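Notes to accompany the following structure.
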Amino acid sequence: MTQPAKQQPADSQLEAFRDIVRSRRSIRRFTDEAIPDAVVEDCLDLAMLAPNSSNLQPWSFYVVKSPELKEPLAHACLGQNAARTAPVLIAIVARTGTWREHSRQVLDNWPEPEVPKIVRSYYSKIAPIHYNQGPLGLYGVAKRAMGMVAGLRRPVPRWPYSPAAMKVWAAKSTALAAENLMLALRAHGYDSCPMEGFDSCRVNKLLNIPKDGEVIMILAAGRRAEKGIYGPQYRLDKSKVVTWR
Ligand SMILES: Cc1cc2nc3c(=O)[nH]c(=O)nc-3n(C[C@H](O)[C@H](O)[C@H](O)COP(=O)(O)O)c2cc1C
């Protein structure tokens, strides 16, 4: 955990990374080939290394490969080909209610003999103030109001101070884990299709998703089949979406 990051990746790593990113496509048809559990586990390990807000890791992953559950889950994914043909479906869930327990875990399992003072203070004092929105979101309303006053004179955090903002908060970090997961699958030679086209009521029920969980994507994963790509990859012109100031 504490190993220093290398300053400069070798050129060969850059090309390997480019190759992984460029060869990832959303695949809508998979072969029957299973993905070994060890590969899925490794990809999940890499997914969990995604950067995330306050290191509170507000995500859960539900790996579905048993036909008894996969079939109704694919049905709940509106019967999309990607879901129907994939040997594995992974529901990626953003959690708004795990931050307290995860704060405790960070302190209990800190990977050094001593938890630094600043870390202890953050997770025991600051995080509870910042992330607790209180009953009916009332603490959030108060925090927003206090922020508006204090913010007249200095920069202050103004977010995430409502239950809705907490959903966005959790979804941001969880989406980064989803991307790591897709790239990890690609690096292992497998493919994926992220899907938000699903019936969330049915999915929540099938997977028994906790109340604080939002399934942000269901990932279909497997080996890409012939004609698994439906069309060429298109992106907007960079000048439309990038501004340098
Ligand atoms: C949040 C999200 C939801 C998506 N939902 C679906 C989906 O339900 N069905 C599907 O076939 N593709 C889905 N996609 C895949 C996109 O259509 C795809 O990423 C986009 O067209 C770009 O193509 P590419 O991934 O091959 O580069 C989704 C992608 C994301 C990131």
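Going by the structure tokens order, chains are called A, B, ..., each with residues numbered from 1, while ligands are numbered from 1 in the order shown.
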
Within 10 Å of ligand 1, counting only C-alpha atoms and all ligand atoms, residues as a PyMOL selection string: chain A and resi 21-29+77-78+80-83+175+178-179+182+192-198+216-220+229-235

Exercise: Pro72 in chain A partners within 10 Å, only C-alpha atoms, chain neighbours under 6 positions left out, as JSON, numbers by chain: {"A": [78, 79, 84, 202, 203, 206]}

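Considering the residues A:Ser53, A:Ser66, A:Gln105, A:Gln8 and counting only C-alpha atoms, Ile90 in chain A has its shortest atom-to-atom contact with A:Ser66.
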
With only C-alpha atoms as the atoms that count, which of A:Gly228, A:Pro210, A:Pro116, A:Pro163 lies nearest to Tyr62 in chain A?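 Ranking A:Gly228, A:Pro210, A:Pro116, A:Pro163 by distance to Tyr62 in chain A, first place goes to A:Pro210.
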
What parts of range 62-160 of chain A does DSSP call strand (DSSP E or B)? I'd like the answer as a list of chain:residue names.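 So the strand (DSSP E or B) residues in range 62-160 of chain A would be A:Tyr62, A:Val63, A:Val64, A:Val88, A:Leu89, A:Ile90, A:Ala91, A:Ile92, A:Val93, A:Ala94, A:Arg95.
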
Next, dump the selected residues to file, keeping only all heavy atoms, as a short mmCIF file (atom, residue, chain, number, x, y, z; two decimals), in the first residue's frame.
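Contents of selection-v3.cif, freshly written:
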data_model
loop_
_atom_site.label_atom_id
_atom_site.label_comp_id
_atom_site.auth_asym_id
_atom_site.auth_seq_id
_atom_site.Cartn_x
_atom_site.Cartn_y
_atom_site.Cartn_z
N TYR A 62 -21.89 -7.20 -7.46
CA TYR A 62 -22.61 -8.46 -7.39
C TYR A 62 -22.30 -9.24 -8.66
O TYR A 62 -22.71 -8.83 -9.75
CB TYR A 62 -24.12 -8.22 -7.29
CG TYR A 62 -24.56 -7.60 -5.99
CD1 TYR A 62 -24.22 -6.29 -5.66
CD2 TYR A 62 -25.32 -8.32 -5.08
CE1 TYR A 62 -24.62 -5.73 -4.46
CE2 TYR A 62 -25.73 -7.76 -3.87
CZ TYR A 62 -25.37 -6.47 -3.58
OH TYR A 62 -25.77 -5.90 -2.39
N VAL A 63 -21.56 -10.33 -8.50
CA VAL A 63 -21.16 -11.14 -9.65
C VAL A 63 -22.18 -12.25 -9.83
O VAL A 63 -22.42 -13.04 -8.92
CB VAL A 63 -19.76 -11.76 -9.42
CG1 VAL A 63 -19.33 -12.59 -10.64
CG2 VAL A 63 -18.73 -10.68 -9.12
N VAL A 64 -22.80 -12.28 -11.00
CA VAL A 64 -23.86 -13.26 -11.24
C VAL A 64 -23.45 -14.17 -12.39
O VAL A 64 -23.24 -13.71 -13.52
CB VAL A 64 -25.20 -12.55 -11.59
CG1 VAL A 64 -26.27 -13.57 -11.93
CG2 VAL A 64 -25.63 -11.67 -10.44
N VAL A 88 -21.07 -13.86 -17.66
CA VAL A 88 -21.08 -13.23 -16.32
C VAL A 88 -21.73 -11.86 -16.42
O VAL A 88 -21.48 -11.10 -17.36
CB VAL A 88 -19.64 -13.01 -15.77
CG1 VAL A 88 -19.68 -12.44 -14.36
CG2 VAL A 88 -18.83 -14.29 -15.77
N LEU A 89 -22.57 -11.56 -15.44
CA LEU A 89 -23.11 -10.20 -15.31
C LEU A 89 -22.65 -9.67 -13.95
O LEU A 89 -22.68 -10.40 -12.96
CB LEU A 89 -24.65 -10.23 -15.36
CG LEU A 89 -25.27 -10.69 -16.69
CD1 LEU A 89 -26.79 -10.82 -16.55
CD2 LEU A 89 -24.93 -9.72 -17.82
N ILE A 90 -22.18 -8.43 -13.96
CA ILE A 90 -21.72 -7.85 -12.69
C ILE A 90 -22.51 -6.57 -12.44
O ILE A 90 -22.40 -5.60 -13.22
CB ILE A 90 -20.20 -7.55 -12.72
CG1 ILE A 90 -19.41 -8.82 -13.06
CG2 ILE A 90 -19.74 -6.99 -11.37
CD1 ILE A 90 -17.91 -8.60 -13.24
N ALA A 91 -23.30 -6.59 -11.39
CA ALA A 91 -24.04 -5.37 -11.03
C ALA A 91 -23.10 -4.51 -10.19
O ALA A 91 -22.52 -4.97 -9.20
CB ALA A 91 -25.29 -5.73 -10.24
N ILE A 92 -22.97 -3.27 -10.62
CA ILE A 92 -22.05 -2.34 -9.96
C ILE A 92 -22.90 -1.32 -9.20
O ILE A 92 -23.72 -0.61 -9.81
CB ILE A 92 -21.14 -1.66 -11.00
CG1 ILE A 92 -20.37 -2.75 -11.77
CG2 ILE A 92 -20.18 -0.68 -10.34
CD1 ILE A 92 -19.59 -2.22 -12.96
N VAL A 93 -22.73 -1.30 -7.89
CA VAL A 93 -23.69 -0.61 -7.04
C VAL A 93 -23.01 0.52 -6.26
O VAL A 93 -21.98 0.30 -5.61
CB VAL A 93 -24.31 -1.62 -6.04
CG1 VAL A 93 -25.39 -0.95 -5.19
CG2 VAL A 93 -24.88 -2.82 -6.78
N ALA A 94 -23.56 1.71 -6.37
CA ALA A 94 -23.07 2.85 -5.59
C ALA A 94 -23.82 2.87 -4.26
O ALA A 94 -25.04 2.76 -4.23
CB ALA A 94 -23.30 4.15 -6.36
N ARG A 95 -23.08 3.04 -3.17
CA ARG A 95 -23.68 2.97 -1.83
C ARG A 95 -23.56 4.31 -1.11
O ARG A 95 -22.47 4.85 -0.98
CB ARG A 95 -22.95 1.89 -1.01
CG ARG A 95 -22.91 0.50 -1.64
CD ARG A 95 -24.24 -0.21 -1.56
NE ARG A 95 -24.74 -0.31 -0.21
CZ ARG A 95 -24.44 -1.30 0.63
NH1 ARG A 95 -23.65 -2.29 0.23
NH2 ARG A 95 -24.95 -1.34 1.84
#
